[in-house]
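Notes to accompany the following structure.
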Amino acid sequence: PAATLAAAGYRVAAWTAYAARALPALPEAVADALRDGCLDAVLHYSRRSAAVALGLAEAAGHGAAFARLVHACLSADVAAPLVAAGVASHVVAARPEEDALLDALFSGRRGMSVVRPVSRTGGQRC
């Protein structure tokens with residue numbers, strides 16, 4: 001976009017507003033939840049984060065469990081890495097906004113309940 005604007009006569013100054021850095025490995029709590037079957041779904045807001053999450057799950061040995069989740073994606077572009085990896089259980093928001101993403105999530109997973117995480121110190125499975 002900067003080159004197009006500059007070619008049209010605009011002066012362009014680029015700066016980074018934030019940087020999203022990928023984790024080096026799947027967090028232990030997520031790996032445990034995938035292993036124990038405690039997750040139903042995941043929300044994907046960007047193509048990059050979907051690809052990173054998929055890669056981290058696969059690297060941790062939980063790729064199959066991750067693929068079985070319902071993957072609610074903000075757009076078809078966000079879903080692209082999942083589609084390329086053969087993840088069949090994904091839904092795409094009708095519009096690229098969070099309300100539509102949540103609608104897609106619940107249309108893809110009837111009867112799903114939302115559960116807040118609890119401490120595992122008591123030996124609870126999920």
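So you can find residues: chains in the structure tokens are A, B, ... in the order shown, residues in each start at 1, and ligands are numbered from 1 in order.
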Show which residues sit within 12 Å of Ser89 in chain A, as a ChimeraX atom specification. Count only C-alpha atoms, and ignore same-chain residues fewer than 4 positions away.
/A:40-42,64-73,79,82-83,85,104-105,107-109
So that I have them on file, write out the residues from the current selection with C-alpha atoms, as a tab-separated table (two decimals), in the first residue's frame.
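Saved as selection-v4.tsv:
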```
chain	number	residue	atom	x	y	z
A	40	ASP	CA	-14.19	-27.78	22.27
A	41	ALA	CA	-13.23	-24.88	20.04
A	42	VAL	CA	-10.73	-22.18	19.23
A	64	ALA	CA	-4.70	-34.45	15.79
A	65	ALA	CA	-6.45	-33.19	18.94
A	66	PHE	CA	-6.12	-29.60	17.72
A	67	ALA	CA	-7.56	-30.54	14.32
A	68	ARG	CA	-10.63	-32.11	16.00
A	69	LEU	CA	-11.63	-28.82	17.64
A	70	VAL	CA	-14.20	-26.52	16.06
A	71	HIS	CA	-12.15	-23.70	14.53
A	72	ALA	CA	-14.10	-20.43	14.26
A	73	CYS	CA	-12.34	-18.11	11.82
A	79	ALA	CA	-9.09	-20.24	7.69
A	82	LEU	CA	-6.38	-24.79	8.45
A	83	VAL	CA	-7.90	-25.73	5.10
A	85	ALA	CA	-3.66	-28.64	6.62
A	104	ALA	CA	-20.21	-18.78	13.58
A	105	LEU	CA	-18.70	-20.52	16.59
A	107	SER	CA	-23.57	-22.38	14.76
A	108	GLY	CA	-20.69	-24.83	14.39
A	109	ARG	CA	-21.06	-26.26	17.86
```
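Backbone DSSP over range 17-56 of chain A gives strand (DSSP E or B) for Ala41, Val42, Leu43 and His44 of chain A.
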Would you export the selected residues with C-alpha atoms as a JSON list (two decimals), in the first residue's frame, please?
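Writing done, so here's out25.json:
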```json
[["chain", "number", "residue", "atom", "x", "y", "z"],
["A", 41, "ALA", "CA", -13.23, -24.88, 20.04],
["A", 42, "VAL", "CA", -10.73, -22.18, 19.23],
["A", 43, "LEU", "CA", -11.20, -18.66, 17.84],
["A", 44, "HIS", "CA", -8.85, -17.53, 15.06]]
```
Check the smallest atom-to-atom distance from each of A:Leu34, A:Ala7, A:Ala22, A:Leu74 to Ala51 in chain A using only C-alpha atoms, then report the winner.
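Using only C-alpha atoms, Ala51 in chain A sits closest to A:Ala22.
If you measure from each of A:Asp103, A:Arg11, A:Ala59, A:Val91 to Ala31 in chain A using only C-alpha atoms, the closest one turns out to be A:Ala59.
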Step one, run DSSP on the backbone; step two, keep only residues of range 16-115 of chain A assigned to helix (DSSP H, G or I); then write them as a ChimeraX atom specification.
/A:28-36,47-59,63-68,76-84,98-108
Print the selection's residues with N, CA and C atoms to a file, as a CSV table (one decimal), in the first residue's frame.
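Full text of result16.csv as output:
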```
chain,number,residue,atom,x,y,z
A,28,GLU,N,2.0,-25.1,28.4
A,28,GLU,CA,1.7,-26.4,29.1
A,28,GLU,C,0.2,-26.6,29.4
A,29,ALA,N,-0.5,-25.5,29.8
A,29,ALA,CA,-1.9,-25.6,30.1
A,29,ALA,C,-2.7,-26.0,28.8
A,30,VAL,N,-2.3,-25.4,27.7
A,30,VAL,CA,-3.0,-25.7,26.5
A,30,VAL,C,-2.7,-27.2,26.0
A,31,ALA,N,-1.4,-27.6,26.1
A,31,ALA,CA,-1.1,-28.9,25.8
A,31,ALA,C,-1.8,-29.9,26.7
A,32,ASP,N,-1.9,-29.6,28.0
A,32,ASP,CA,-2.7,-30.5,28.9
A,32,ASP,C,-4.1,-30.6,28.5
A,33,ALA,N,-4.7,-29.4,28.2
A,33,ALA,CA,-6.1,-29.4,27.8
A,33,ALA,C,-6.4,-30.2,26.5
A,34,LEU,N,-5.5,-30.0,25.5
A,34,LEU,CA,-5.6,-30.8,24.3
A,34,LEU,C,-5.5,-32.3,24.6
A,35,ARG,N,-4.5,-32.7,25.4
A,35,ARG,CA,-4.3,-34.1,25.7
A,35,ARG,C,-5.5,-34.7,26.4
A,36,ASP,N,-6.1,-33.9,27.4
A,36,ASP,CA,-7.2,-34.4,28.2
A,36,ASP,C,-8.5,-34.3,27.5
A,47,ARG,N,-4.8,-15.0,10.0
A,47,ARG,CA,-4.2,-16.1,9.3
A,47,ARG,C,-2.9,-16.6,9.9
A,48,ARG,N,-2.1,-15.6,10.3
A,48,ARG,CA,-0.8,-16.0,10.9
A,48,ARG,C,-1.0,-16.7,12.3
A,49,SER,N,-1.9,-16.2,13.1
A,49,SER,CA,-2.1,-16.8,14.4
A,49,SER,C,-2.7,-18.2,14.3
A,50,ALA,N,-3.5,-18.4,13.2
A,50,ALA,CA,-4.1,-19.8,13.0
A,50,ALA,C,-2.9,-20.7,12.6
A,51,ALA,N,-2.1,-20.3,11.7
A,51,ALA,CA,-0.9,-21.1,11.3
A,51,ALA,C,0.0,-21.4,12.4
A,52,VAL,N,0.3,-20.4,13.2
A,52,VAL,CA,1.2,-20.5,14.4
A,52,VAL,C,0.6,-21.5,15.4
A,53,ALA,N,-0.7,-21.4,15.7
A,53,ALA,CA,-1.3,-22.3,16.7
A,53,ALA,C,-1.3,-23.7,16.1
A,54,LEU,N,-1.6,-23.9,14.9
A,54,LEU,CA,-1.5,-25.2,14.3
A,54,LEU,C,-0.1,-25.8,14.4
A,55,GLY,N,0.9,-25.0,14.0
A,55,GLY,CA,2.2,-25.5,14.1
A,55,GLY,C,2.7,-25.8,15.5
A,56,LEU,N,2.3,-25.0,16.4
A,56,LEU,CA,2.7,-25.3,17.8
A,56,LEU,C,2.0,-26.6,18.3
A,57,ALA,N,0.8,-26.8,18.0
A,57,ALA,CA,0.1,-28.0,18.4
A,57,ALA,C,0.7,-29.2,17.8
A,58,GLU,N,1.0,-29.1,16.5
A,58,GLU,CA,1.7,-30.3,15.8
A,58,GLU,C,3.1,-30.5,16.4
A,59,ALA,N,3.8,-29.5,16.7
A,59,ALA,CA,5.2,-29.7,17.3
A,59,ALA,C,5.1,-30.3,18.7
A,63,GLY,N,-1.3,-32.3,17.3
A,63,GLY,CA,-1.9,-31.9,16.1
A,63,GLY,C,-3.3,-32.5,15.8
A,64,ALA,N,-3.4,-33.8,16.0
A,64,ALA,CA,-4.7,-34.4,15.8
A,64,ALA,C,-5.8,-33.9,16.7
A,65,ALA,N,-5.5,-33.7,18.0
A,65,ALA,CA,-6.4,-33.2,18.9
A,65,ALA,C,-6.8,-31.8,18.6
A,66,PHE,N,-5.9,-31.0,18.1
A,66,PHE,CA,-6.1,-29.6,17.7
A,66,PHE,C,-7.0,-29.6,16.5
A,67,ALA,N,-6.8,-30.5,15.6
A,67,ALA,CA,-7.6,-30.5,14.3
A,67,ALA,C,-9.0,-30.9,14.6
A,68,ARG,N,-9.3,-31.7,15.7
A,68,ARG,CA,-10.6,-32.1,16.0
A,68,ARG,C,-11.5,-31.0,16.6
A,76,ALA,N,-12.4,-16.2,5.5
A,76,ALA,CA,-11.9,-17.3,4.8
A,76,ALA,C,-10.4,-17.3,4.7
A,77,ASP,N,-9.8,-16.1,4.6
A,77,ASP,CA,-8.4,-15.9,4.6
A,77,ASP,C,-7.8,-16.5,5.9
A,78,VAL,N,-8.4,-16.2,7.0
A,78,VAL,CA,-7.9,-16.7,8.3
A,78,VAL,C,-7.9,-18.2,8.3
A,79,ALA,N,-8.9,-18.8,7.7
A,79,ALA,CA,-9.1,-20.2,7.7
A,79,ALA,C,-8.1,-20.9,6.7
A,80,ALA,N,-7.5,-20.2,5.8
A,80,ALA,CA,-6.7,-20.8,4.8
A,80,ALA,C,-5.6,-21.8,5.3
A,81,PRO,N,-4.8,-21.5,6.4
A,81,PRO,CA,-3.9,-22.5,6.8
A,81,PRO,C,-4.5,-23.7,7.4
A,82,LEU,N,-5.7,-23.6,7.9
A,82,LEU,CA,-6.4,-24.8,8.5
A,82,LEU,C,-6.9,-25.7,7.3
A,83,VAL,N,-7.4,-25.0,6.3
A,83,VAL,CA,-7.9,-25.7,5.1
A,83,VAL,C,-6.7,-26.4,4.4
A,84,ALA,N,-5.6,-25.7,4.3
A,84,ALA,CA,-4.4,-26.3,3.7
A,84,ALA,C,-3.9,-27.6,4.5
A,98,GLU,N,-16.2,-9.5,15.5
A,98,GLU,CA,-16.3,-10.5,16.6
A,98,GLU,C,-17.7,-11.0,16.8
A,99,ASP,N,-18.7,-10.2,16.7
A,99,ASP,CA,-20.1,-10.8,16.9
A,99,ASP,C,-20.4,-11.9,15.9
A,100,ALA,N,-20.0,-11.6,14.6
A,100,ALA,CA,-20.2,-12.6,13.6
A,100,ALA,C,-19.3,-13.9,13.8
A,101,LEU,N,-18.1,-13.7,14.4
A,101,LEU,CA,-17.3,-14.8,14.7
A,101,LEU,C,-17.9,-15.7,15.8
A,102,LEU,N,-18.5,-15.0,16.8
A,102,LEU,CA,-19.1,-15.8,17.9
A,102,LEU,C,-20.4,-16.5,17.3
A,103,ASP,N,-21.1,-15.9,16.5
A,103,ASP,CA,-22.3,-16.5,15.8
A,103,ASP,C,-21.8,-17.8,15.1
A,104,ALA,N,-20.7,-17.6,14.3
A,104,ALA,CA,-20.2,-18.8,13.6
A,104,ALA,C,-19.8,-19.9,14.5
A,105,LEU,N,-19.1,-19.5,15.6
A,105,LEU,CA,-18.7,-20.5,16.6
A,105,LEU,C,-19.9,-21.3,17.1
A,106,PHE,N,-20.9,-20.7,17.5
A,106,PHE,CA,-22.0,-21.4,18.1
A,106,PHE,C,-22.9,-22.1,17.1
A,107,SER,N,-22.9,-21.6,15.8
A,107,SER,CA,-23.6,-22.4,14.8
A,107,SER,C,-22.8,-23.7,14.4
A,108,GLY,N,-21.5,-23.6,14.7
A,108,GLY,CA,-20.7,-24.8,14.4
A,108,GLY,C,-20.7,-25.8,15.5
```
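The coordinates place CA of Pro96 in chain A at 20.5 Å from CA of Tyr18 in chain A.
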